Amino acid sequence: MDAPWTPTVGAMPAAAVDQAANPATDIPWLSQLSSPEILIAQQIHQGNLPCELGVSVRIQADATQAGVFHVQGKGFRYRMLPVQTSTGALRLEDKKAGAVWLQLANKSMLMDQKRGRRMVDDCVHPHQLAVAEAMKTNPPPSLIDTQGMGR
């Protein structure tokens, strides 16, 4: 049975965040992460996230390597690192396994890049659930303008 959700403040241990803010500090793992990747890591939601069809995914920061996350659920376990995106979505990848964790404002999902399919969808952290509820009462603007089409 999964442990209950535990809130976290950022994905990196406090000492690591302090050290990441000070580039003069000589830390082996720091050279592997860019500043944008460190910022991504700090925004990843952690804990047990309930998903569709009664599935859950556990996201946990590695206590020994800042920026590294363990993403696990029934039948899978990945070691993931933050990756920059052009869309603003927060992305973690296990390049060897071909697994990708995408965190949007209102939900998260686990993708299998090798097979081109979603493994788990509609995973929600309490913060994402609040955003999803707010979107119901105040929907974002449509991406397609159906009003001023020259008619």
# chains A, B, ... in the order shown; residues from 1 in each chain; ligands from 1
>>> select_by_dssp(residues="range 35-112 of chain A", states="helix (DSSP H, G or I)", output="MDAnalysis selection string")
chainID A and resid 35:43 52:54
>>> select_by_dssp(residues="range 32-77 of chain A", states="strand (DSSP E)", output="ChimeraX atom specification")
/A:47-50,56-61,69-73,76-77
>>> closest_residue(among="A:Leu90, A:Ile44, A:Leu110, A:Leu102", to="Ser56 in chain A", atoms="only C-alpha atoms")
A:Leu110
>>> closest_residue(among="A:Asp94, A:Ile144, A:Thr87, A:Gly47", to="Val68 in chain A", atoms="only C-alpha atoms")
A:Asp94
>>> residues_around(residues="Arg115 in chain A", least_positions_apart="5", cutoff="12 Å", atoms="only C-alpha atoms", output="number ranges by chain")
A: 97-100
>>> write_last_selection(atoms="all heavy atoms", output="PDB file, in the first residue's frame")
ATOM      1  N   ALA A  97      15.262   4.234 -20.575  1.00  0.00           N
ATOM      2  CA  ALA A  97      14.000   3.489 -20.661  1.00  0.00           C
ATOM      3  C   ALA A  97      13.024   4.093 -21.667  1.00  0.00           C
ATOM      4  O   ALA A  97      12.070   3.452 -22.066  1.00  0.00           O
ATOM      5  CB  ALA A  97      13.345   3.425 -19.284  1.00  0.00           C
ATOM      6  N   GLY A  98      13.250   5.351 -22.040  1.00  0.00           N
ATOM      7  CA  GLY A  98      12.334   6.016 -22.959  1.00  0.00           C
ATOM      8  C   GLY A  98      11.070   6.516 -22.293  1.00  0.00           C
ATOM      9  O   GLY A  98      10.058   6.739 -22.951  1.00  0.00           O
ATOM     10  N   ALA A  99      11.127   6.722 -20.971  1.00  0.00           N
ATOM     11  CA  ALA A  99       9.961   7.187 -20.226  1.00  0.00           C
ATOM     12  C   ALA A  99      10.043   8.691 -20.002  1.00  0.00           C
ATOM     13  O   ALA A  99      11.118   9.236 -19.773  1.00  0.00           O
ATOM     14  CB  ALA A  99       9.868   6.462 -18.892  1.00  0.00           C
ATOM     15  N   VAL A 100       8.878   9.346 -20.072  1.00  0.00           N
ATOM     16  CA  VAL A 100       8.791  10.795 -19.887  1.00  0.00           C
ATOM     17  C   VAL A 100       7.632  11.095 -18.947  1.00  0.00           C
ATOM     18  O   VAL A 100       6.518  10.605 -19.141  1.00  0.00           O
ATOM     19  CB  VAL A 100       8.541  11.511 -21.238  1.00  0.00           C
ATOM     20  CG1 VAL A 100       8.329  13.002 -21.033  1.00  0.00           C
ATOM     21  CG2 VAL A 100       9.683  11.255 -22.204  1.00  0.00           C
TER      22      VAL A 100
END
>>> closest_residue(among="A:Arg58, A:Asn106, A:Gln65, A:Cys51", to="Lys136 in chain A", atoms="only C-alpha atoms")
A:Asn106
>>> residues_around(residues="Pro126 in chain A", least_positions_apart="4", cutoff="10 Å", atoms="only C-alpha atoms", output="mmCIF file with N, CA, C and O atoms, in the first residue's frame")
data_model
loop_
_atom_site.group_PDB
_atom_site.id
_atom_site.type_symbol
_atom_site.label_atom_id
_atom_site.label_comp_id
_atom_site.auth_asym_id
_atom_site.auth_seq_id
_atom_site.Cartn_x
_atom_site.Cartn_y
_atom_site.Cartn_z
ATOM 1 N N TRP A 5 0.115 10.987 0.765
ATOM 2 C CA TRP A 5 0.821 12.090 0.129
ATOM 3 C C TRP A 5 1.475 12.949 1.187
ATOM 4 O O TRP A 5 0.878 13.266 2.212
ATOM 5 N N PRO A 7 3.439 16.617 1.571
ATOM 6 C CA PRO A 7 3.811 17.829 0.844
ATOM 7 C C PRO A 7 5.303 18.086 0.937
ATOM 8 O O PRO A 7 5.939 17.735 1.926
ATOM 9 N N HIS A 45 6.019 18.372 -8.580
ATOM 10 C CA HIS A 45 5.164 17.937 -7.474
ATOM 11 C C HIS A 45 5.594 16.539 -7.049
ATOM 12 O O HIS A 45 5.856 15.678 -7.892
ATOM 13 N N LEU A 49 0.450 10.500 -6.327
ATOM 14 C CA LEU A 49 -0.529 11.202 -7.132
ATOM 15 C C LEU A 49 -1.551 10.207 -7.667
ATOM 16 O O LEU A 49 -1.188 9.267 -8.386
ATOM 17 N N PRO A 50 -2.829 10.382 -7.333
ATOM 18 C CA PRO A 50 -3.858 9.511 -7.895
ATOM 19 C C PRO A 50 -4.043 9.827 -9.378
ATOM 20 O O PRO A 50 -3.957 10.983 -9.793
ATOM 21 N N ASN A 106 -2.619 21.493 -14.685
ATOM 22 C CA ASN A 106 -3.816 20.831 -14.168
ATOM 23 C C ASN A 106 -3.750 19.308 -14.109
ATOM 24 O O ASN A 106 -4.674 18.677 -13.606
ATOM 25 N N LYS A 107 -2.685 18.707 -14.622
ATOM 26 C CA LYS A 107 -2.553 17.249 -14.545
ATOM 27 C C LYS A 107 -1.150 16.842 -14.970
ATOM 28 O O LYS A 107 -0.392 17.639 -15.527
ATOM 29 N N ALA A 130 -6.534 21.963 -7.739
ATOM 30 C CA ALA A 130 -7.050 23.325 -7.541
ATOM 31 C C ALA A 130 -7.063 24.088 -8.857
ATOM 32 O O ALA A 130 -8.029 24.804 -9.160
ATOM 33 N N VAL A 131 -6.021 23.929 -9.659
ATOM 34 C CA VAL A 131 -5.973 24.598 -10.971
ATOM 35 C C VAL A 131 -7.072 24.051 -11.885
ATOM 36 O O VAL A 131 -7.761 24.812 -12.566
ATOM 37 N N ALA A 132 -7.245 22.731 -11.884
ATOM 38 C CA ALA A 132 -8.271 22.114 -12.736
ATOM 39 C C ALA A 132 -9.667 22.607 -12.349
ATOM 40 O O ALA A 132 -10.492 22.898 -13.229
#
>>> closest_residue(among="A:Leu53, A:Leu104, A:Ala41, A:Cys123", to="Leu81 in chain A", atoms="only C-alpha atoms")
A:Ala41
>>> atom_distance(atom1="CA of Arg77 in chain A", atom2="CA of Asp121 in chain A")
16.0 Å
>>> residues_around(residues="Leu129 in chain A", least_positions_apart="4", cutoff="9 Å", atoms="only C-alpha atoms", output="tab-separated table (two decimals) with N, CA and C atoms, in the first residue's frame")
chain	number	residue	atom	x	y	z
A	105	ALA	N	-0.12	22.31	-15.66
A	105	ALA	CA	-0.71	23.03	-14.53
A	105	ALA	C	-1.85	22.26	-13.89
A	106	ASN	N	-2.62	21.49	-14.68
A	106	ASN	CA	-3.82	20.83	-14.17
A	106	ASN	C	-3.75	19.31	-14.11
A	107	LYS	N	-2.68	18.71	-14.62
A	107	LYS	CA	-2.55	17.25	-14.55
A	107	LYS	C	-1.15	16.84	-14.97
A	124	VAL	N	-3.02	13.72	-10.60
A	124	VAL	CA	-3.18	15.06	-10.05
A	124	VAL	C	-2.65	15.18	-8.63
A	125	HIS	N	-1.85	16.19	-8.45
A	125	HIS	CA	-1.36	16.62	-7.15
A	125	HIS	C	-2.42	17.59	-6.61
A	133	GLU	N	-9.93	22.73	-11.05
A	133	GLU	CA	-11.24	23.22	-10.60
A	133	GLU	C	-11.42	24.68	-11.01
A	134	ALA	N	-10.37	25.49	-10.89
A	134	ALA	CA	-10.46	26.89	-11.29
A	134	ALA	C	-10.70	27.02	-12.79
>>> atom_distance(atom1="CA of Pro36 in chain A", atom2="CA of Gln84 in chain A")
6.9 Å
>>> atom_distance(atom1="CA of Ser142 in chain A", atom2="CA of Asp122 in chain A")
21.0 Å
>>> closest_residue(among="A:Tyr78, A:Asp112, A:Asn48, A:Val83", to="Asp62 in chain A", atoms="only C-alpha atoms")
A:Tyr78
